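File shown: coords-v5.cif. Contents: mmCIF, C-alpha atoms.
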data_start
loop_
_atom_site.label_atom_id
_atom_site.label_comp_id
_atom_site.auth_asym_id
_atom_site.auth_seq_id
_atom_site.Cartn_x
_atom_site.Cartn_y
_atom_site.Cartn_z
CA MET E 1 -13.70 9.98 12.69
CA ALA E 2 -11.64 7.06 11.41
CA ALA E 3 -8.74 9.41 10.68
CA THR E 4 -8.88 10.78 14.24
CA ILE E 5 -8.82 7.28 15.69
CA LEU E 6 -5.88 6.39 13.45
CA VAL E 7 -3.93 9.46 14.61
CA ILE E 8 -4.62 8.59 18.26
CA LEU E 9 -3.48 5.00 17.74
CA MET E 10 -0.31 6.07 15.93
CA THR E 11 0.48 8.55 18.71
CA LEU E 12 0.07 5.86 21.36
CA VAL E 13 2.34 3.54 19.39
CA LEU E 14 5.00 6.24 19.19
CA LEU E 15 4.73 6.96 22.91
CA LEU E 16 4.81 3.32 24.02
CA ALA E 17 7.35 1.89 21.58
CA GLY E 18 10.29 3.18 23.63
CA PRO E 19 9.08 1.83 26.98
CA ALA E 20 8.29 -1.49 25.30
CA PHE E 21 11.87 -1.63 24.02
CA VAL E 22 13.22 -0.87 27.49
CA ILE E 23 11.21 -3.74 28.98
CA ALA E 24 12.27 -6.12 26.21
CA SER E 25 15.93 -5.17 26.65
CA GLY E 26 15.83 -5.92 30.39
CA THR E 27 16.86 -2.37 31.34
CA ALA E 28 13.90 -1.88 33.68
CA THR E 29 14.10 -3.72 37.02
CA LEU E 30 10.90 -5.75 36.70
CA GLY E 31 10.00 -8.28 39.36
CA VAL E 32 12.38 -6.81 41.96
CA ASP E 33 11.34 -6.92 45.63
CA TRP E 34 12.03 -3.36 46.76
CA SER E 35 12.79 -4.50 50.32
CA ARG E 36 15.62 -6.71 49.06
CA ALA E 37 16.82 -4.60 46.14
CA ASP E 38 20.47 -3.59 45.88
CA ARG E 39 21.10 -0.08 47.24
CA THR E 40 24.91 -0.29 47.38
CA SER E 41 27.35 2.31 46.06
CA VAL E 42 28.56 2.03 42.47
CA GLY E 43 31.74 4.03 43.10
CA LEU E 44 30.90 7.27 41.28
CA ALA E 45 31.12 9.61 44.28
CA PRO E 46 34.54 10.88 45.39
CA ASP E 47 35.58 9.47 48.76
CA PRO E 48 35.20 12.28 51.35
CA ALA E 49 38.29 11.03 53.16
CA MET E 50 40.34 11.57 50.00
CA THR E 51 38.50 14.64 48.69
CA PRO E 52 38.71 17.69 50.98
CA GLU E 53 37.17 20.05 48.40
CA ALA E 54 33.42 20.64 48.13
CA VAL E 55 31.51 18.33 45.77
CA VAL E 56 28.05 18.52 44.21
CA GLN E 57 26.75 15.68 42.06
CA VAL E 58 23.33 15.12 40.48
CA TYR E 59 22.31 11.54 39.79
CA ALA E 60 19.48 9.71 38.05
CA ALA E 61 18.66 6.01 37.85
CA ARG E 62 15.89 3.95 36.34
CA ALA E 63 12.80 3.84 38.54
CA LEU E 64 11.64 0.66 40.25
CA SER E 65 9.55 -2.00 38.48
CA TRP E 66 7.47 -1.15 35.37
CA ARG E 67 7.91 2.56 36.04
CA GLY E 68 11.53 2.21 35.01
CA ALA E 69 10.37 1.54 31.45
CA PHE E 70 9.13 5.13 31.34
CA GLY E 71 11.60 7.13 33.38
CA THR E 72 14.04 7.91 36.11
CA HIS E 73 14.43 8.97 39.73
CA PRO E 74 16.92 11.83 40.38
CA TRP E 75 18.72 13.13 43.47
CA PHE E 76 21.31 15.70 44.57
CA ALA E 77 24.36 14.73 46.60
CA VAL E 78 26.41 17.48 48.25
CA LYS E 79 29.54 17.55 50.40
CA PRO E 80 30.89 20.84 51.78
CA ALA E 81 34.64 21.33 51.95
CA GLY E 82 36.14 19.18 54.70
CA ALA E 83 32.88 17.30 55.36
CA SER E 84 33.11 13.59 56.17
CA ALA E 85 29.82 12.58 54.49
CA TYR E 86 27.42 13.54 51.75
CA THR E 87 23.93 14.96 52.19
CA VAL E 88 21.35 13.71 49.70
CA TYR E 89 18.25 15.68 48.66
CA GLU E 90 15.42 13.94 46.82
CA VAL E 91 11.64 13.64 46.64
CA ILE E 92 10.13 10.29 47.63
CA GLY E 93 6.43 9.73 47.07
CA TRP E 94 5.67 7.32 49.90
CA ARG E 95 6.61 10.02 52.40
CA VAL E 96 3.61 12.09 51.32
CA TYR E 97 1.34 9.05 51.56
CA ARG E 98 2.42 8.73 55.21
CA GLY E 99 1.89 12.40 56.03
CA LEU E 100 5.56 13.41 55.74
CA PRO E 101 7.12 16.11 53.53
CA ALA E 102 7.95 14.85 50.04
CA VAL E 103 11.52 16.15 50.26
CA ALA E 104 13.86 13.71 51.98
CA VAL E 105 17.24 14.83 53.32
CA SER E 106 19.54 11.98 54.30
CA ASN E 107 23.12 10.75 54.47
CA ARG E 108 22.58 7.64 52.35
CA ASP E 109 25.22 6.55 49.86
CA PRO E 110 25.34 9.39 47.33
CA ASP E 111 25.89 6.98 44.45
CA GLY E 112 23.82 4.07 45.73
CA ARG E 113 21.74 2.03 43.32
CA TRP E 114 18.09 3.02 43.16
CA PHE E 115 16.49 -0.31 44.09
CA GLY E 116 18.80 -2.26 41.79
CA SER E 117 19.29 0.34 39.05
CA ALA E 118 22.75 1.86 38.70
CA PRO E 119 22.77 5.67 38.65
CA ALA E 120 24.50 7.99 36.20
CA VAL E 121 25.97 11.41 36.98
CA LEU E 122 24.00 14.19 35.28
CA ALA E 123 25.96 17.17 36.59
CA GLU E 124 28.90 17.88 38.87
CA LEU E 125 30.57 20.84 40.52
CA ARG E 126 33.83 20.86 42.49
CA GLY E 127 35.68 23.31 44.71
CA PRO E 128 34.47 26.93 45.06
CA ALA E 129 31.67 26.43 42.50
CA ALA E 130 30.31 23.52 44.53
CA GLU E 131 30.71 25.41 47.81
CA ALA E 132 28.66 28.29 46.39
CA ALA E 133 25.97 25.95 45.04
CA ILE E 134 25.41 23.89 48.21
CA PRO E 135 23.44 26.51 50.19
CA LYS E 136 21.40 27.30 47.06
CA ILE E 137 20.46 23.63 46.73
CA ALA E 138 19.48 23.48 50.40
CA GLU E 139 17.35 26.62 50.06
CA ALA E 140 15.67 25.33 46.89
CA ALA E 141 14.83 22.10 48.71
CA ARG E 142 13.32 24.06 51.61
CA SER E 143 11.27 26.26 49.26
CA TYR E 144 10.02 23.47 46.99
CA PRO E 145 6.36 24.41 46.44
CA TYR E 146 4.98 20.86 46.24
CA ALA E 147 6.37 19.46 49.49
CA GLY E 148 2.91 18.21 50.45
CA GLU E 149 2.01 16.77 47.04
CA TYR E 150 3.10 13.82 44.96
CA ARG E 151 1.82 12.30 41.73
CA ILE E 152 3.81 9.88 39.61
CA TRP E 153 2.15 11.33 36.51
CA PRO E 154 2.19 14.04 35.29
CA GLY E 155 3.72 15.50 38.48
CA PRO E 156 4.69 16.91 40.82
CA ASN E 157 7.19 14.12 41.51
CA SER E 158 10.92 13.67 42.05
CA ASN E 159 11.74 14.99 38.57
CA THR E 160 9.62 18.07 39.20
CA PHE E 161 11.80 18.63 42.27
CA ALA E 162 15.01 18.15 40.28
CA ALA E 163 13.86 20.68 37.68
CA TRP E 164 12.95 23.14 40.47
CA VAL E 165 16.40 22.87 42.03
CA GLY E 166 18.09 23.05 38.63
CA ARG E 167 16.37 26.36 37.88
CA ALA E 168 17.44 27.69 41.29
CA VAL E 169 21.08 26.69 40.69
CA PRO E 170 21.80 27.50 37.03
CA ASP E 171 25.54 26.90 37.54
CA LEU E 172 24.69 23.19 37.42
CA ARG E 173 23.47 23.56 33.82
CA LEU E 174 21.30 20.57 34.67
CA ASP E 175 20.23 18.72 31.54
CA LEU E 176 17.67 16.30 32.93
CA PRO E 177 17.22 13.20 30.78
CA SER E 178 14.20 13.07 28.52
CA THR E 179 13.13 10.10 30.65
CA ALA E 180 12.72 12.41 33.66
CA LEU E 181 8.94 12.17 33.53
CA GLY E 182 7.52 15.09 35.52
CA LYS E 183 10.35 17.53 34.85
CA ASP E 184 8.03 19.67 32.70
CA TYR E 185 5.31 20.00 35.33
CA LEU E 186 4.92 23.70 36.15
CA GLY E 187 1.77 23.54 38.23
CA THR E 188 -0.57 26.33 37.19
CA GLY E 189 2.26 28.20 35.49
CA LEU E 190 2.73 28.16 31.73
CA ILE E 191 6.26 29.51 31.23
CA ALA E 192 9.52 28.86 33.08
CA ARG E 193 13.22 28.67 32.51
CA ALA E 194 14.49 25.32 31.32
CA PRO E 195 15.95 23.23 34.18
CA SER E 196 19.44 23.94 32.82
CA GLY E 197 18.86 27.68 32.99
CA THR E 198 20.01 28.01 29.36
CA GLY E 199 16.60 28.49 27.73
CA TRP E 200 12.86 28.48 28.25
CA GLN E 201 9.89 26.17 28.22
CA VAL E 202 6.12 26.33 28.04
CA SER E 203 4.01 23.57 29.51
CA LEU E 204 0.33 22.89 30.13
CA PHE E 205 0.14 21.00 33.46
CA GLY E 206 3.06 18.81 32.35
CA LEU E 207 0.90 17.17 29.68
CA ALA E 208 1.92 19.16 26.61
CA GLY E 209 4.65 21.67 25.98
CA LEU E 210 7.80 22.80 24.25
CA LEU E 211 11.33 23.45 25.50
CA LEU E 212 14.15 25.26 23.72
CA ALA E 213 17.52 25.64 25.44
CA LYS E 214 21.20 25.56 24.61
CA GLU E 215 21.84 22.66 27.00
CA GLU E 216 18.75 20.51 26.36
CA GLY E 217 18.17 21.38 22.70
CA PHE E 218 14.60 21.22 21.42
CA GLU E 219 12.01 19.06 23.19
CA VAL E 220 8.34 18.32 22.65
CA ASN E 221 6.40 17.09 25.66
CA LEU E 222 3.31 14.99 24.95
CA LEU E 223 1.41 13.41 27.85
CA GLY E 224 4.50 13.92 29.98
CA MET E 225 6.80 12.02 27.62
CA THR E 226 9.57 13.68 25.64
CA PHE E 227 10.65 13.67 22.03
CA GLY E 228 13.62 15.87 21.25
CA VAL E 229 16.70 16.79 19.28
CA ASP E 230 19.98 18.04 20.74
CA PRO E 231 21.81 19.56 17.76
CA PHE E 232 24.92 20.49 19.73
CA ASP E 233 25.52 16.92 20.92
CA LEU E 234 24.08 15.27 17.78
CA ALA E 235 21.49 13.26 19.69
CA VAL E 236 17.79 12.49 19.59
CA LYS E 237 15.54 11.88 22.58
CA ILE E 238 12.98 9.08 22.55
CA PRO E 239 10.26 8.37 25.16
CA GLY E 240 11.33 5.58 27.48
CA VAL E 241 14.68 5.06 25.77
CA GLY E 242 16.12 8.50 26.44
CA ARG E 243 19.04 10.09 24.62
CA VAL E 244 20.43 8.30 21.56
CA ALA E 245 23.68 9.71 20.18
CA LEU E 246 23.59 9.84 16.38
CA ASN E 247 27.34 9.28 16.15
CA ALA E 248 27.34 6.31 18.54
CA PRO E 249 27.50 2.68 17.32
CA ALA E 250 24.42 1.63 19.30
CA PRO E 251 21.66 3.28 21.36
CA THR E 252 21.78 3.25 25.12
CA ALA E 253 18.83 3.48 27.47
CA PRO E 254 19.70 5.87 30.33
CA ALA E 255 18.56 5.36 33.60
CA VAL E 256 9.51 8.40 36.44
CA ASP E 257 9.85 8.22 39.86
CA SER E 258 8.88 5.10 41.74
CA PRO E 259 9.05 4.99 45.52
CA PRO E 260 8.76 1.64 47.25
CA PRO E 261 5.19 0.67 48.01
CA GLY E 262 3.74 1.32 51.43
#
Starting from the file, give its structure as structure tokens.
Amino acid sequence: MAATILVILMTLVLLLAGPAFVIASGTATLGVDWSRADRTSVGLAPDPAMTPEAVVQVYAARALSWRGAFGTHPWFAVKPAGASAYTVYEVIGWRVYRGLPAVAVSNRDPDGRWFGSAPAVLAELRGPAAEAAIPKIAEAARSYPYAGEYRIWPGPNSNTFAAWVGRAVPDLRLDLPSTALGKDYLGTGLIARAPSGTGWQVSLFGLAGLLLAKEEGFEVNLLGMTFGVDPFDLAVKIPGVGRVALNAPAPTAPAVDSPPPG
């Protein structure tokens, strides 16, 4: 009995050490009033006026408040050839709470901060590859099976949506960050392609599972949080912290979905 309790305590310490580090480092946007948070562009999206070719970009940023210590919020930004603006696809939880579909389609800044957190680009396509991917992304958004559901943990949430779209558009080779809490939620299914389309995963309701893929490497999901090793990029993946490059001088904490309250 004592040994079981010790194992449980050690597991909790391992799971929470990363989020605690993120909070201590100031990476998470704690104490931010969502209604006044910075949503301005960070300059990562090509200017449509200067970029006639089609563009697809996938972003992720730290979630709002304490949720940012655990994970990220992702979105897809697309611009067909010759278009004057981007279309953004994402899942936002408060929409479901108000009786709206979870999937939001808007023309907001494609590279805008997520309530104060700067986004990073996870994947990008240009030209003909982007043009071919745009209708696939739109169709995946329309066919998302959890449009009327939303749960921050273990899913379905915005990362569940990103994984769904990634599987539908394998040309993106979408390697969602290990901090994308909810990406492993498969509903009642047990087996699916990895979000990058380069391997496979098994998952039990997003609470426990394994993933093996060329793009993501090897990941273990425990209570929705990810430990992993990416042997091709020489990196490890730590809950809360995210990817840590083994050949880098210092770890970085990359940007679980957190809609504004309401």
- Can you turn the PyMOL selection byres ((chain E and resi 146) around 10) into a concrete residue list for this file, as a ChimeraX atom specification? /E:91,101-103,143-145,147-150,155-157,160-161,187
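If all atoms listed in the file are the atoms counted, then among E:Asp109, E:Asp233, E:Glu90, E:Glu53 the closest residue to E:Gly127 is E:Glu53.
Summary of the local environment: counting all atoms listed in the file, residues at most 9 Å from E:Thr51, other than itself and those fewer than 5 positions away along its chain, are Pro46, Ala81 and Gly82 of chain E.
Minimum atom-to-atom distances from E:Ala120, E:Ala104, E:Ala192, E:Leu234 to E:Tyr59 were compared using only C-alpha atoms, and the lowest value belongs to E:Ala120.
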Residues of stretch 90-205 of chain E that have any atom at most 6 Å from an atom of stretch 60-66 of chain E: could you tabulate them with the shortest-distance atom pair and the distance in Å to one decimal, using only C-alpha atoms, ordered by chain and increasing number, as a tab-separated table?
residue	atom	partner	partner_atom	distance
E:Ser117	CA	E:Arg62	CA	5.7
E:Ala118	CA	E:Ala61	CA	5.9
E:Pro119	CA	E:Ala61	CA	4.2
E:Ala120	CA	E:Ala60	CA	5.6
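Applied to the shown file, the PyMOL selection byres ((chain E and resi 131) around 12) selects the residues Pro52, Glu53, Ala54, Val55, Val56, Gln57, Val78, Lys79, Pro80, Ala81, Gly82, Ala83, Glu124, Leu125, Arg126, Gly127, Pro128, Ala129, Ala130, Ala132, Ala133, Ile134, Pro135, Lys136, Ile137, Ala138 and Asp171 of chain E.
Distances from E:Phe76, E:Tyr89, E:Trp34, E:Trp153 to E:Ala180 were compared using all atoms listed in the file, and the smallest one belongs to E:Trp153.
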- State, in Å with one decimal place, the distance from atom CA of E:Thr198 to atom CA of E:Leu246. 22.6 Å
- Message: Is it possible to get the residues within 7 Å of (24.7, 4.1, 45.1) (coordinates as in the file, counting only C-alpha atoms) written as a count of residues only?
- Response: 11
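Atom pair atom CA of E:Gln201 / atom CA of E:Pro231 has a distance of 17.2 Å (rounded to one decimal).
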Name the residues captured by the PyMOL selection byres ((chain E and resi 239) around 8) when it is applied to the shown file; answer as a PDB file with C-alpha atoms, keeping the file's coordinate frame.
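Done, and the output landed in selection17.pdb:
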ATOM      1  CA  LEU E  15       4.730   6.960  22.910  1.00  0.00           C
ATOM      2  CA  LEU E  16       4.810   3.320  24.020  1.00  0.00           C
ATOM      3  CA  ALA E  17       7.350   1.890  21.580  1.00  0.00           C
ATOM      4  CA  GLY E  18      10.290   3.180  23.630  1.00  0.00           C
ATOM      5  CA  PRO E  19       9.080   1.830  26.980  1.00  0.00           C
ATOM      6  CA  PHE E  70       9.130   5.130  31.340  1.00  0.00           C
ATOM      7  CA  SER E 178      14.200  13.070  28.520  1.00  0.00           C
ATOM      8  CA  THR E 179      13.130  10.100  30.650  1.00  0.00           C
ATOM      9  CA  MET E 225       6.800  12.020  27.620  1.00  0.00           C
ATOM     10  CA  THR E 226       9.570  13.680  25.640  1.00  0.00           C
ATOM     11  CA  PHE E 227      10.650  13.670  22.030  1.00  0.00           C
ATOM     12  CA  LYS E 237      15.540  11.880  22.580  1.00  0.00           C
ATOM     13  CA  ILE E 238      12.980   9.080  22.550  1.00  0.00           C
ATOM     14  CA  GLY E 240      11.330   5.580  27.480  1.00  0.00           C
ATOM     15  CA  VAL E 241      14.680   5.060  25.770  1.00  0.00           C
ATOM     16  CA  GLY E 242      16.120   8.500  26.440  1.00  0.00           C
TER      17      GLY E 242
END
If we count only C-alpha atoms and set the cut-off at 7 Å, which residues sit around E:Leu181, ignoring sequence neighbours fewer than 2 positions away in its own chain? Please answer as a tab-separated table (two decimals) with C-alpha atoms, in the frame of the given file.
chain	number	residue	atom	x	y	z
E	71	GLY	CA	11.60	7.13	33.38
E	159	ASN	CA	11.74	14.99	38.57
E	179	THR	CA	13.13	10.10	30.65
E	183	LYS	CA	10.35	17.53	34.85
E	224	GLY	CA	4.50	13.92	29.98
E	225	MET	CA	6.80	12.02	27.62
E	256	VAL	CA	9.51	8.40	36.44
- Query: Near E:Arg167, within 9 Å and counting only C-alpha atoms, which residues show up once chain neighbours fewer than 6 positions away are dropped, as a ChimeraX atom specification?
  - Reply: /E:173-174,192-197
For the residues selected in the previous step, produce a file with C-alpha atoms as a PDB file, in the coordinates of the input.
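Writing the result to again_27.pdb gives the following:
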ATOM      1  CA  ARG E 173      23.470  23.560  33.820  1.00  0.00           C
ATOM      2  CA  LEU E 174      21.300  20.570  34.670  1.00  0.00           C
ATOM      3  CA  ALA E 192       9.520  28.860  33.080  1.00  0.00           C
ATOM      4  CA  ARG E 193      13.220  28.670  32.510  1.00  0.00           C
ATOM      5  CA  ALA E 194      14.490  25.320  31.320  1.00  0.00           C
ATOM      6  CA  PRO E 195      15.950  23.230  34.180  1.00  0.00           C
ATOM      7  CA  SER E 196      19.440  23.940  32.820  1.00  0.00           C
ATOM      8  CA  GLY E 197      18.860  27.680  32.990  1.00  0.00           C
TER       9      GLY E 197
END
